[in-house]
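Worksheet: the structure to be examined is printed underneath.
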Amino acid sequence: MSYKRIVIKISGEALAAEKKTGFDFGFVSSVCAAVKKAADAGVQVGIVIGGGNFWRGVKDGAGKVERVSADRMGMLATCMNCLAVCDVFRQLGAKARVLTAVDIQGVGERYDTRKALEYLENGEIVLFAGGTGAPFFSTDTAAVLRAAEIHADAILLAKNVDGVYSADPRKDPEAVRFDRISYDEVLARRLQVMDSTATSLAMDNNIPVLVFALSGENILRVLDGEAVGTLVQ
């Protein structure tokens with residue numbers, strides 16, 4: 001495997017697959033099986049999951065829910081996703097646990113960097129729930145923050161698009177996909193890879209970000225060193 005320690009950021013919408021909301025457990029199981037295979041091969045895996053299959057913060061608040069409340073609802077959605085995915089891992093025979101950025105009794109342990117590193121080094125898959133624990137920060141930022149804290153070699157940004165494009169490929173048929181792009185260019189072009197806070201944090205900590213379409217096969221291909229999607233570095 002090309003990386004020893006990684007953080008995989010999975011969009012909540014991707015977990016729903018064609019269902020759009022909730023979970024497509026057939027798809028989730030295929031992704032978890034691939035991650036387990038990587039963990040069995042010695043890769044230390046942390047996972048951050050978005051909450052968009054349940055709640056999209058300010059967007060779903062539609063002006064009726066105040067920003068702080070909307071963001072906290074999104075944090076709860078990430079906790080639901082982490083609980084579900086953790087149970088799928090366990091059913092597959094993998095060692096996995098949930099660490100939360102906020103205190104929620106019964107959901108998981110309170111996040112602690114030293115504990116996270118201990119679990120990772122013991123071969124456990126660690127799911128980081130609750131975002132950063134603060135409103136106004138996305139789960140993309142949470143993924144980069146956790147990656148910096150645990151000294152991850154890379155962030156695997158698994159989305160419902162297959163890379164970084166010059167424009168939205170769903171709206172612009174002439175949009176071009178990049179094989180490789182710099183953090184500076186992402187920020188200058190305002191490309192929708194991650195929010196600007198997450199991109200700046202990755203740049204400041206020199207953490208490469210690999211953007212690709214979520215599938216078990218693609219995760220293993222990336223870890224095998226294949227050129228999949230877009231490398232932001």
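Ligands are numbered from 1 in the order shown, residues from 1 within each chain, and chains are lettered A, B, ... in the order they appear in the structure tokens.
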Per residue of region 12-36 of chain A within 12 Å of region 60-80 of chain A, note the shortest atom pair and the distance in Å to one decimal, counting only C-alpha atoms, and order the rows by chain and increasing residue number, as CSV.
```
residue,atom,partner,partner_atom,distance
A:Gly12,CA,A:Thr78,CA,7.8
A:Glu13,CA,A:Thr78,CA,11.3
A:Leu15,CA,A:Thr78,CA,11.5
A:Thr21,CA,A:Ala77,CA,11.7
A:Gly22,CA,A:Met80,CA,10.0
A:Phe23,CA,A:Met80,CA,10.8
```
Name the residues of region 26-184 of chain A that come out as helix (DSSP H, G or I) in a backbone DSSP run; write them as a PyMOL selection string.
-> chain A and resi 26-40+58-61+67-91+113-121+139-149+183-184
Smallest atom-to-atom distance to Val48 (chain A): which of A:Cys82, A:Ala198, A:Leu231, A:Ala154, using only C-alpha atoms?
->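 For Val48 (chain A), the nearest of the candidates is A:Cys82.
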What's the 9 Å shell around Phe89 (chain A), counting only C-alpha atoms, without same-chain residues fewer than 6 positions away, as a ChimeraX atom specification?
-> /A:29,32-33,35-36,95-96,125
Using only C-alpha atoms, which of A:Thr197, A:Gln192, A:Ser215, A:Gln105 sits nearest Ser166 (chain A)?
-> A:Gln192
Interatomic distance between CA of Val98 (chain A) and CA of Asp204 (chain A)?
->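 Computing it gives 27.3 Å between the two atoms.
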For region 160-165 of chain A, please output as an mmCIF file with all heavy atoms, in the first residue's frame all residues within 12 Å (counting only C-alpha atoms; exclusion window: fewer than 5 positions along the same chain).
```cif
data_model
loop_
_atom_site.group_PDB
_atom_site.id
_atom_site.type_symbol
_atom_site.label_atom_id
_atom_site.label_comp_id
_atom_site.auth_asym_id
_atom_site.auth_seq_id
_atom_site.Cartn_x
_atom_site.Cartn_y
_atom_site.Cartn_z
ATOM 1 N N LYS A 9 -12.363 10.905 3.799
ATOM 2 C CA LYS A 9 -13.549 11.742 3.977
ATOM 3 C C LYS A 9 -14.608 11.240 2.996
ATOM 4 O O LYS A 9 -14.410 11.226 1.788
ATOM 5 C CB LYS A 9 -13.229 13.214 3.695
ATOM 6 C CG LYS A 9 -14.444 14.109 3.480
ATOM 7 C CD LYS A 9 -15.344 14.203 4.689
ATOM 8 C CE LYS A 9 -16.756 14.667 4.353
ATOM 9 N NZ LYS A 9 -16.913 15.819 3.477
ATOM 10 N N ILE A 10 -15.728 10.814 3.556
ATOM 11 C CA ILE A 10 -16.819 10.265 2.747
ATOM 12 C C ILE A 10 -18.012 11.203 2.837
ATOM 13 O O ILE A 10 -18.438 11.574 3.937
ATOM 14 C CB ILE A 10 -17.219 8.866 3.243
ATOM 15 C CG1 ILE A 10 -16.029 7.902 3.132
ATOM 16 C CG2 ILE A 10 -18.412 8.329 2.457
ATOM 17 C CD1 ILE A 10 -16.294 6.523 3.722
ATOM 18 N N SER A 11 -18.550 11.592 1.702
ATOM 19 C CA SER A 11 -19.728 12.456 1.723
ATOM 20 C C SER A 11 -20.951 11.646 2.150
ATOM 21 O O SER A 11 -21.091 10.473 1.782
ATOM 22 C CB SER A 11 -19.972 13.086 0.349
ATOM 23 O OG SER A 11 -20.441 12.134 -0.576
ATOM 24 N N GLY A 12 -21.813 12.263 2.929
ATOM 25 C CA GLY A 12 -23.022 11.578 3.359
ATOM 26 C C GLY A 12 -23.899 11.180 2.190
ATOM 27 O O GLY A 12 -24.477 10.087 2.162
ATOM 28 N N GLU A 13 -23.986 12.074 1.194
ATOM 29 C CA GLU A 13 -24.814 11.772 0.017
ATOM 30 C C GLU A 13 -24.336 10.513 -0.687
ATOM 31 O O GLU A 13 -25.128 9.744 -1.221
ATOM 32 C CB GLU A 13 -24.788 12.944 -0.976
ATOM 33 C CG GLU A 13 -25.443 14.204 -0.460
ATOM 34 C CD GLU A 13 -24.411 15.179 0.095
ATOM 35 O OE1 GLU A 13 -23.422 14.699 0.704
ATOM 36 O OE2 GLU A 13 -24.604 16.390 -0.050
ATOM 37 N N ALA A 14 -23.004 10.297 -0.685
ATOM 38 C CA ALA A 14 -22.462 9.116 -1.369
ATOM 39 C C ALA A 14 -22.926 7.828 -0.697
ATOM 40 O O ALA A 14 -23.118 6.812 -1.367
ATOM 41 C CB ALA A 14 -20.937 9.186 -1.401
ATOM 42 N N LEU A 15 -23.125 7.862 0.631
ATOM 43 C CA LEU A 15 -23.593 6.663 1.335
ATOM 44 C C LEU A 15 -25.014 6.278 0.933
ATOM 45 O O LEU A 15 -25.402 5.121 1.038
ATOM 46 C CB LEU A 15 -23.544 6.885 2.850
ATOM 47 C CG LEU A 15 -22.163 7.022 3.488
ATOM 48 C CD1 LEU A 15 -22.314 7.210 4.990
ATOM 49 C CD2 LEU A 15 -21.294 5.819 3.194
ATOM 50 N N ALA A 16 -25.783 7.271 0.508
ATOM 51 C CA ALA A 16 -27.163 6.999 0.101
ATOM 52 C C ALA A 16 -27.238 6.431 -1.309
ATOM 53 O O ALA A 16 -28.246 5.816 -1.683
ATOM 54 C CB ALA A 16 -27.998 8.282 0.178
ATOM 55 N N ALA A 17 -26.145 6.652 -2.091
ATOM 56 C CA ALA A 17 -26.095 6.187 -3.482
ATOM 57 C C ALA A 17 -27.343 6.661 -4.241
ATOM 58 O O ALA A 17 -27.722 7.827 -4.134
ATOM 59 C CB ALA A 17 -25.928 4.676 -3.538
ATOM 60 N N GLU A 18 -28.013 5.764 -4.955
ATOM 61 C CA GLU A 18 -29.160 6.178 -5.769
ATOM 62 C C GLU A 18 -30.396 6.511 -4.940
ATOM 63 O O GLU A 18 -31.332 7.118 -5.443
ATOM 64 C CB GLU A 18 -29.504 5.067 -6.773
ATOM 65 C CG GLU A 18 -28.397 4.758 -7.767
ATOM 66 C CD GLU A 18 -28.011 5.965 -8.589
ATOM 67 O OE1 GLU A 18 -28.921 6.726 -8.993
ATOM 68 O OE2 GLU A 18 -26.803 6.165 -8.811
ATOM 69 N N LYS A 20 -30.549 8.615 -2.528
ATOM 70 C CA LYS A 20 -30.480 10.058 -2.261
ATOM 71 C C LYS A 20 -30.522 10.396 -0.772
ATOM 72 O O LYS A 20 -29.903 11.356 -0.327
ATOM 73 C CB LYS A 20 -31.594 10.831 -3.002
ATOM 74 C CG LYS A 20 -31.623 10.598 -4.498
ATOM 75 C CD LYS A 20 -30.320 11.013 -5.159
ATOM 76 C CE LYS A 20 -30.388 10.819 -6.679
ATOM 77 N NZ LYS A 20 -29.095 11.129 -7.322
ATOM 78 N N GLY A 52 -24.825 14.836 4.794
ATOM 79 C CA GLY A 52 -25.765 15.308 3.779
ATOM 80 C C GLY A 52 -26.866 14.352 3.384
ATOM 81 O O GLY A 52 -27.847 14.765 2.768
ATOM 82 N N ARG A 170 -21.722 18.735 -14.314
ATOM 83 C CA ARG A 170 -23.157 18.488 -14.509
ATOM 84 C C ARG A 170 -23.834 19.654 -15.202
ATOM 85 O O ARG A 170 -24.920 19.513 -15.766
ATOM 86 C CB ARG A 170 -23.815 18.219 -13.155
ATOM 87 C CG ARG A 170 -23.390 16.907 -12.501
ATOM 88 C CD ARG A 170 -23.764 16.824 -11.057
ATOM 89 N NE ARG A 170 -23.061 17.824 -10.249
ATOM 90 C CZ ARG A 170 -23.068 17.870 -8.928
ATOM 91 N NH1 ARG A 170 -23.750 16.973 -8.245
ATOM 92 N NH2 ARG A 170 -22.393 18.803 -8.276
ATOM 93 N N LYS A 171 -23.182 20.826 -15.180
ATOM 94 C CA LYS A 171 -23.765 22.021 -15.797
ATOM 95 C C LYS A 171 -22.998 22.473 -17.028
ATOM 96 O O LYS A 171 -23.566 23.106 -17.916
ATOM 97 C CB LYS A 171 -23.796 23.164 -14.772
ATOM 98 C CG LYS A 171 -24.651 22.869 -13.545
ATOM 99 C CD LYS A 171 -24.587 24.021 -12.550
ATOM 100 C CE LYS A 171 -25.413 23.731 -11.307
ATOM 101 N NZ LYS A 171 -25.325 24.836 -10.308
ATOM 102 N N ASP A 172 -21.717 22.176 -17.071
ATOM 103 C CA ASP A 172 -20.867 22.627 -18.175
ATOM 104 C C ASP A 172 -20.265 21.416 -18.888
ATOM 105 O O ASP A 172 -19.345 20.782 -18.370
ATOM 106 C CB ASP A 172 -19.753 23.530 -17.624
ATOM 107 C CG ASP A 172 -18.893 24.125 -18.734
ATOM 108 O OD1 ASP A 172 -19.051 23.730 -19.900
ATOM 109 O OD2 ASP A 172 -18.049 24.982 -18.411
ATOM 110 N N PRO A 173 -20.755 21.084 -20.084
ATOM 111 C CA PRO A 173 -20.250 19.905 -20.799
ATOM 112 C C PRO A 173 -18.791 20.045 -21.233
ATOM 113 O O PRO A 173 -18.153 19.051 -21.589
ATOM 114 C CB PRO A 173 -21.178 19.807 -22.017
ATOM 115 C CG PRO A 173 -21.727 21.182 -22.196
ATOM 116 C CD PRO A 173 -21.825 21.772 -20.824
ATOM 117 N N GLU A 174 -18.252 21.266 -21.188
ATOM 118 C CA GLU A 174 -16.866 21.487 -21.589
ATOM 119 C C GLU A 174 -15.918 21.517 -20.383
ATOM 120 O O GLU A 174 -14.730 21.820 -20.534
ATOM 121 C CB GLU A 174 -16.750 22.787 -22.386
ATOM 122 C CG GLU A 174 -17.530 22.756 -23.701
ATOM 123 C CD GLU A 174 -17.298 24.005 -24.534
ATOM 124 O OE1 GLU A 174 -16.508 24.877 -24.106
ATOM 125 O OE2 GLU A 174 -17.908 24.108 -25.612
ATOM 126 N N ALA A 175 -16.431 21.212 -19.213
ATOM 127 C CA ALA A 175 -15.585 21.182 -18.016
ATOM 128 C C ALA A 175 -14.494 20.136 -18.181
ATOM 129 O O ALA A 175 -14.732 19.039 -18.695
ATOM 130 C CB ALA A 175 -16.431 20.891 -16.783
ATOM 131 N N VAL A 176 -13.298 20.470 -17.730
ATOM 132 C CA VAL A 176 -12.126 19.597 -17.869
ATOM 133 C C VAL A 176 -11.707 19.085 -16.488
ATOM 134 O O VAL A 176 -11.633 19.854 -15.530
ATOM 135 C CB VAL A 176 -10.951 20.357 -18.516
ATOM 136 C CG1 VAL A 176 -9.703 19.466 -18.577
ATOM 137 C CG2 VAL A 176 -11.330 20.846 -19.896
ATOM 138 N N ARG A 177 -11.438 17.788 -16.406
ATOM 139 C CA ARG A 177 -10.972 17.221 -15.153
ATOM 140 C C ARG A 177 -9.452 17.315 -15.059
ATOM 141 O O ARG A 177 -8.748 17.032 -16.018
ATOM 142 C CB ARG A 177 -11.393 15.759 -15.020
ATOM 143 C CG ARG A 177 -11.226 15.217 -13.597
ATOM 144 C CD ARG A 177 -11.515 13.741 -13.523
ATOM 145 N NE ARG A 177 -10.393 12.962 -14.046
ATOM 146 C CZ ARG A 177 -10.417 11.650 -14.213
ATOM 147 N NH1 ARG A 177 -11.505 10.966 -13.934
ATOM 148 N NH2 ARG A 177 -9.364 11.013 -14.684
ATOM 149 N N PHE A 178 -8.978 17.731 -13.900
ATOM 150 C CA PHE A 178 -7.537 17.819 -13.667
ATOM 151 C C PHE A 178 -7.022 16.487 -13.119
ATOM 152 O O PHE A 178 -7.664 15.872 -12.271
ATOM 153 C CB PHE A 178 -7.229 18.916 -12.642
ATOM 154 C CG PHE A 178 -7.668 20.292 -13.045
ATOM 155 C CD1 PHE A 178 -8.848 20.828 -12.536
ATOM 156 C CD2 PHE A 178 -6.919 21.049 -13.924
ATOM 157 C CE1 PHE A 178 -9.268 22.097 -12.904
ATOM 158 C CE2 PHE A 178 -7.330 22.324 -14.293
ATOM 159 C CZ PHE A 178 -8.510 22.851 -13.783
ATOM 160 N N ASP A 179 -5.840 16.084 -13.565
ATOM 161 C CA ASP A 179 -5.174 14.926 -12.965
ATOM 162 C C ASP A 179 -4.428 15.351 -11.705
ATOM 163 O O ASP A 179 -4.323 14.585 -10.745
ATOM 164 C CB ASP A 179 -4.184 14.297 -13.949
ATOM 165 C CG ASP A 179 -4.887 13.663 -15.138
ATOM 166 O OD1 ASP A 179 -6.009 13.138 -14.955
ATOM 167 O OD2 ASP A 179 -4.323 13.711 -16.245
ATOM 168 N N ARG A 180 -3.921 16.579 -11.728
ATOM 169 C CA ARG A 180 -3.158 17.119 -10.611
ATOM 170 C C ARG A 180 -3.353 18.630 -10.589
ATOM 171 O O ARG A 180 -3.400 19.267 -11.648
ATOM 172 C CB ARG A 180 -1.677 16.786 -10.785
ATOM 173 C CG ARG A 180 -0.764 17.273 -9.671
ATOM 174 C CD ARG A 180 0.688 17.027 -10.041
ATOM 175 N NE ARG A 180 0.993 15.604 -10.125
ATOM 176 C CZ ARG A 180 1.585 14.918 -9.165
ATOM 177 N NH1 ARG A 180 1.935 15.526 -8.040
ATOM 178 N NH2 ARG A 180 1.832 13.635 -9.309
ATOM 179 N N ILE A 181 -3.461 19.199 -9.401
ATOM 180 C CA ILE A 181 -3.646 20.644 -9.281
ATOM 181 C C ILE A 181 -3.092 21.086 -7.932
ATOM 182 O O ILE A 181 -3.058 20.306 -6.974
ATOM 183 C CB ILE A 181 -5.144 21.024 -9.425
ATOM 184 C CG1 ILE A 181 -5.316 22.532 -9.578
ATOM 185 C CG2 ILE A 181 -5.965 20.487 -8.263
ATOM 186 C CD1 ILE A 181 -6.742 22.936 -9.963
ATOM 187 N N SER A 182 -2.616 22.330 -7.863
ATOM 188 C CA SER A 182 -2.033 22.835 -6.621
ATOM 189 C C SER A 182 -3.122 23.424 -5.715
ATOM 190 O O SER A 182 -4.195 23.823 -6.183
ATOM 191 C CB SER A 182 -0.982 23.902 -6.915
ATOM 192 O OG SER A 182 -1.600 25.076 -7.418
ATOM 193 N N TYR A 183 -2.821 23.504 -4.426
ATOM 194 C CA TYR A 183 -3.743 24.155 -3.498
ATOM 195 C C TYR A 183 -3.984 25.597 -3.933
ATOM 196 O O TYR A 183 -5.116 26.091 -3.899
ATOM 197 C CB TYR A 183 -3.161 24.190 -2.078
ATOM 198 C CG TYR A 183 -2.756 22.885 -1.470
ATOM 199 C CD1 TYR A 183 -1.416 22.593 -1.227
ATOM 200 C CD2 TYR A 183 -3.704 21.943 -1.098
ATOM 201 C CE1 TYR A 183 -1.031 21.407 -0.637
ATOM 202 C CE2 TYR A 183 -3.316 20.746 -0.504
ATOM 203 C CZ TYR A 183 -1.979 20.486 -0.277
ATOM 204 O OH TYR A 183 -1.610 19.316 0.304
ATOM 205 N N GLU A 185 -3.918 26.980 -6.845
ATOM 206 C CA GLU A 185 -4.811 27.113 -7.997
ATOM 207 C C GLU A 185 -6.255 26.807 -7.608
ATOM 208 O O GLU A 185 -7.187 27.457 -8.102
ATOM 209 C CB GLU A 185 -4.364 26.191 -9.131
ATOM 210 C CG GLU A 185 -5.105 26.455 -10.439
ATOM 211 C CD GLU A 185 -4.519 25.724 -11.629
ATOM 212 O OE1 GLU A 185 -3.511 25.007 -11.463
ATOM 213 O OE2 GLU A 185 -5.081 25.883 -12.725
ATOM 214 N N VAL A 186 -6.457 25.830 -6.728
ATOM 215 C CA VAL A 186 -7.808 25.542 -6.246
ATOM 216 C C VAL A 186 -8.412 26.775 -5.587
ATOM 217 O O VAL A 186 -9.561 27.142 -5.843
ATOM 218 C CB VAL A 186 -7.784 24.359 -5.245
ATOM 219 C CG1 VAL A 186 -9.117 24.243 -4.516
ATOM 220 C CG2 VAL A 186 -7.477 23.063 -5.975
ATOM 221 N N ARG A 189 -8.941 29.718 -8.271
ATOM 222 C CA ARG A 189 -10.062 29.466 -9.182
ATOM 223 C C ARG A 189 -11.388 29.280 -8.442
ATOM 224 O O ARG A 189 -12.429 29.146 -9.071
ATOM 225 C CB ARG A 189 -9.795 28.193 -10.005
ATOM 226 C CG ARG A 189 -8.746 28.334 -11.086
ATOM 227 C CD ARG A 189 -8.430 26.961 -11.660
ATOM 228 N NE ARG A 189 -7.692 27.019 -12.896
ATOM 229 C CZ ARG A 189 -8.199 26.754 -14.105
ATOM 230 N NH1 ARG A 189 -9.467 26.419 -14.216
ATOM 231 N NH2 ARG A 189 -7.449 26.819 -15.185
ATOM 232 N N ARG A 190 -11.324 29.217 -7.108
ATOM 233 C CA ARG A 190 -12.512 28.961 -6.282
ATOM 234 C C ARG A 190 -13.209 27.666 -6.706
ATOM 235 O O ARG A 190 -14.434 27.599 -6.824
ATOM 236 C CB ARG A 190 -13.501 30.136 -6.341
ATOM 237 C CG ARG A 190 -12.939 31.426 -5.755
ATOM 238 C CD ARG A 190 -13.965 32.533 -5.789
ATOM 239 N NE ARG A 190 -13.454 33.761 -5.213
ATOM 240 C CZ ARG A 190 -13.503 34.065 -3.913
ATOM 241 N NH1 ARG A 190 -14.043 33.215 -3.066
ATOM 242 N NH2 ARG A 190 -13.017 35.207 -3.481
ATOM 243 N N LEU A 191 -12.392 26.638 -6.927
ATOM 244 C CA LEU A 191 -12.947 25.354 -7.327
ATOM 245 C C LEU A 191 -13.567 24.666 -6.116
ATOM 246 O O LEU A 191 -13.054 24.747 -5.000
ATOM 247 C CB LEU A 191 -11.849 24.469 -7.923
ATOM 248 C CG LEU A 191 -11.170 25.027 -9.185
ATOM 249 C CD1 LEU A 191 -10.038 24.099 -9.622
ATOM 250 C CD2 LEU A 191 -12.179 25.196 -10.315
ATOM 251 N N GLN A 192 -14.674 23.984 -6.339
ATOM 252 C CA GLN A 192 -15.421 23.375 -5.246
ATOM 253 C C GLN A 192 -14.880 21.992 -4.894
ATOM 254 O O GLN A 192 -15.570 20.986 -5.006
ATOM 255 C CB GLN A 192 -16.911 23.291 -5.636
ATOM 256 C CG GLN A 192 -17.559 24.639 -5.885
ATOM 257 C CD GLN A 192 -17.450 25.560 -4.676
ATOM 258 O OE1 GLN A 192 -17.851 25.204 -3.575
ATOM 259 N NE2 GLN A 192 -16.929 26.753 -4.888
ATOM 260 N N VAL A 193 -13.613 21.956 -4.481
ATOM 261 C CA VAL A 193 -13.014 20.710 -4.023
ATOM 262 C C VAL A 193 -13.412 20.506 -2.569
ATOM 263 O O VAL A 193 -14.070 19.547 -2.188
ATOM 264 C CB VAL A 193 -11.479 20.760 -4.150
ATOM 265 C CG1 VAL A 193 -10.865 19.441 -3.683
ATOM 266 C CG2 VAL A 193 -11.068 21.082 -5.572
ATOM 267 N N MET A 194 -12.949 21.433 -1.734
ATOM 268 C CA MET A 194 -13.332 21.541 -0.337
ATOM 269 C C MET A 194 -13.597 23.021 -0.095
ATOM 270 O O MET A 194 -13.346 23.857 -0.962
ATOM 271 C CB MET A 194 -12.203 21.068 0.588
ATOM 272 C CG MET A 194 -11.710 19.664 0.328
ATOM 273 S SD MET A 194 -10.417 19.146 1.496
ATOM 274 C CE MET A 194 -9.031 20.146 0.964
ATOM 275 N N VAL A 209 -4.222 15.727 -0.971
ATOM 276 C CA VAL A 209 -5.636 15.350 -0.994
ATOM 277 C C VAL A 209 -5.926 14.667 -2.320
ATOM 278 O O VAL A 209 -5.659 15.230 -3.381
ATOM 279 C CB VAL A 209 -6.546 16.583 -0.833
ATOM 280 C CG1 VAL A 209 -8.016 16.171 -0.869
ATOM 281 C CG2 VAL A 209 -6.234 17.332 0.466
ATOM 282 N N LEU A 210 -6.447 13.447 -2.257
ATOM 283 C CA LEU A 210 -6.816 12.716 -3.472
ATOM 284 C C LEU A 210 -8.333 12.712 -3.588
ATOM 285 O O LEU A 210 -9.025 12.227 -2.692
ATOM 286 C CB LEU A 210 -6.271 11.288 -3.423
ATOM 287 C CG LEU A 210 -4.741 11.228 -3.406
ATOM 288 C CD1 LEU A 210 -4.260 10.718 -2.056
ATOM 289 C CD2 LEU A 210 -4.224 10.337 -4.519
ATOM 290 N N VAL A 211 -8.834 13.273 -4.678
ATOM 291 C CA VAL A 211 -10.275 13.418 -4.888
ATOM 292 C C VAL A 211 -10.724 12.414 -5.943
ATOM 293 O O VAL A 211 -10.191 12.391 -7.061
ATOM 294 C CB VAL A 211 -10.620 14.849 -5.351
ATOM 295 C CG1 VAL A 211 -12.133 15.029 -5.446
ATOM 296 C CG2 VAL A 211 -10.012 15.888 -4.412
ATOM 297 N N PHE A 212 -11.712 11.589 -5.593
ATOM 298 C CA PHE A 212 -12.163 10.556 -6.530
ATOM 299 C C PHE A 212 -13.589 10.140 -6.180
ATOM 300 O O PHE A 212 -14.109 10.483 -5.121
ATOM 301 C CB PHE A 212 -11.231 9.337 -6.480
ATOM 302 C CG PHE A 212 -11.115 8.711 -5.115
ATOM 303 C CD1 PHE A 212 -11.912 7.640 -4.751
ATOM 304 C CD2 PHE A 212 -10.210 9.206 -4.182
ATOM 305 C CE1 PHE A 212 -11.814 7.060 -3.486
ATOM 306 C CE2 PHE A 212 -10.101 8.633 -2.919
ATOM 307 C CZ PHE A 212 -10.904 7.558 -2.577
ATOM 308 N N ALA A 213 -14.207 9.409 -7.089
ATOM 309 C CA ALA A 213 -15.573 8.926 -6.865
ATOM 310 C C ALA A 213 -15.552 7.772 -5.873
ATOM 311 O O ALA A 213 -14.740 6.849 -5.994
ATOM 312 C CB ALA A 213 -16.199 8.478 -8.186
ATOM 313 N N LEU A 214 -16.456 7.844 -4.900
ATOM 314 C CA LEU A 214 -16.474 6.823 -3.855
ATOM 315 C C LEU A 214 -16.891 5.458 -4.397
ATOM 316 O O LEU A 214 -17.962 5.299 -4.984
ATOM 317 C CB LEU A 214 -17.437 7.231 -2.735
ATOM 318 C CG LEU A 214 -17.641 6.199 -1.620
ATOM 319 C CD1 LEU A 214 -16.325 5.914 -0.896
ATOM 320 C CD2 LEU A 214 -18.704 6.665 -0.635
ATOM 321 N N SER A 215 -16.029 4.478 -4.174
ATOM 322 C CA SER A 215 -16.342 3.063 -4.385
ATOM 323 C C SER A 215 -15.249 2.280 -3.682
ATOM 324 O O SER A 215 -14.124 2.780 -3.496
ATOM 325 C CB SER A 215 -16.383 2.689 -5.875
ATOM 326 O OG SER A 215 -15.090 2.652 -6.434
ATOM 327 N N ASN A 218 -12.234 1.938 -5.971
ATOM 328 C CA ASN A 218 -11.394 3.121 -6.110
ATOM 329 C C ASN A 218 -10.518 3.362 -4.885
ATOM 330 O O ASN A 218 -9.371 3.804 -5.007
ATOM 331 C CB ASN A 218 -12.261 4.355 -6.382
ATOM 332 C CG ASN A 218 -12.686 4.460 -7.830
ATOM 333 O OD1 ASN A 218 -12.149 3.772 -8.697
ATOM 334 N ND2 ASN A 218 -13.659 5.302 -8.112
ATOM 335 N N ALA A 227 -3.213 6.084 -10.397
ATOM 336 C CA ALA A 227 -3.665 7.465 -10.630
ATOM 337 C C ALA A 227 -5.178 7.441 -10.823
ATOM 338 O O ALA A 227 -5.684 7.088 -11.893
ATOM 339 C CB ALA A 227 -2.968 8.048 -11.848
ATOM 340 N N VAL A 228 -5.889 7.781 -9.771
ATOM 341 C CA VAL A 228 -7.354 7.807 -9.820
ATOM 342 C C VAL A 228 -7.818 9.193 -9.419
ATOM 343 O O VAL A 228 -7.366 9.749 -8.410
ATOM 344 C CB VAL A 228 -7.947 6.757 -8.838
ATOM 345 C CG1 VAL A 228 -9.475 6.789 -8.894
ATOM 346 C CG2 VAL A 228 -7.433 5.378 -9.156
ATOM 347 N N GLY A 229 -8.724 9.786 -10.190
ATOM 348 C CA GLY A 229 -9.250 11.095 -9.829
ATOM 349 C C GLY A 229 -8.207 12.192 -9.949
ATOM 350 O O GLY A 229 -7.414 12.223 -10.891
ATOM 351 N N THR A 230 -8.173 13.074 -8.950
ATOM 352 C CA THR A 230 -7.295 14.253 -8.972
ATOM 353 C C THR A 230 -6.473 14.324 -7.702
ATOM 354 O O THR A 230 -6.994 14.134 -6.601
ATOM 355 C CB THR A 230 -8.134 15.547 -9.090
ATOM 356 O OG1 THR A 230 -8.951 15.483 -10.257
ATOM 357 C CG2 THR A 230 -7.240 16.767 -9.162
ATOM 358 N N LEU A 231 -5.180 14.629 -7.865
ATOM 359 C CA LEU A 231 -4.308 14.847 -6.721
ATOM 360 C C LEU A 231 -4.167 16.357 -6.503
ATOM 361 O O LEU A 231 -3.740 17.083 -7.403
ATOM 362 C CB LEU A 231 -2.932 14.230 -6.971
ATOM 363 C CG LEU A 231 -1.834 14.565 -5.936
ATOM 364 C CD1 LEU A 231 -2.212 14.026 -4.566
ATOM 365 C CD2 LEU A 231 -0.490 14.004 -6.387
ATOM 366 N N VAL A 232 -4.524 16.807 -5.303
ATOM 367 C CA VAL A 232 -4.341 18.206 -4.926
ATOM 368 C C VAL A 232 -3.141 18.256 -3.972
ATOM 369 O O VAL A 232 -3.141 17.616 -2.930
ATOM 370 C CB VAL A 232 -5.585 18.777 -4.230
ATOM 371 C CG1 VAL A 232 -5.393 20.269 -3.927
ATOM 372 C CG2 VAL A 232 -6.831 18.570 -5.078
#
```
Which one of A:Ile49, A:Ala34, A:Leu201, A:Ala116 sits closest to Ala148 (chain A) if you count only C-alpha atoms?
->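 With only C-alpha atoms as the atom set, the closest residue is A:Leu201.
When only C-alpha atoms are used to measure the gap to Glu217 (chain A), the shortest distance among A:Ala158, A:Lys59, A:Ser138, A:Thr199 belongs to A:Ala158.
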Which one is closest to Arg97 (chain A): A:Leu156, A:Ile219, A:Ile8, A:Leu127? Count only C-alpha atoms.
-> A:Leu127
Spatial neighbours of Val43 (chain A), 12 Å, only C-alpha atoms, chain gap at least 4 places, as a list in words |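 Neighbouring residues, sequence-local ones excluded: Met1, Ser2, Tyr3, Lys4, Arg5, Ile6, Val7, Ile8, Ala34, Val35, Lys36, Lys37, Ala38, Ala39, Leu120, Glu121, Asn122, Gly123, Glu124, Ile125, Val126, Ala152, Asp153, Ala154, Ile219, Leu220, Leu223 and Asp224 of chain A.
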Assign secondary structure with DSSP using the backbone only, and return the residues of region 89-223 of chain A in strand (DSSP E) as JSON, numbers by chain.
-> {"A": [96, 97, 98, 99, 100, 109, 110, 125, 126, 127, 128, 129, 154, 155, 156, 157, 158, 159, 164, 165, 177, 178, 180, 181, 209, 210, 211, 212, 213]}
CA of Gly46 (chain A) and CA of Thr141 (chain A) are how many Å apart?
->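 Here the two named atoms are 14.3 Å from each other.
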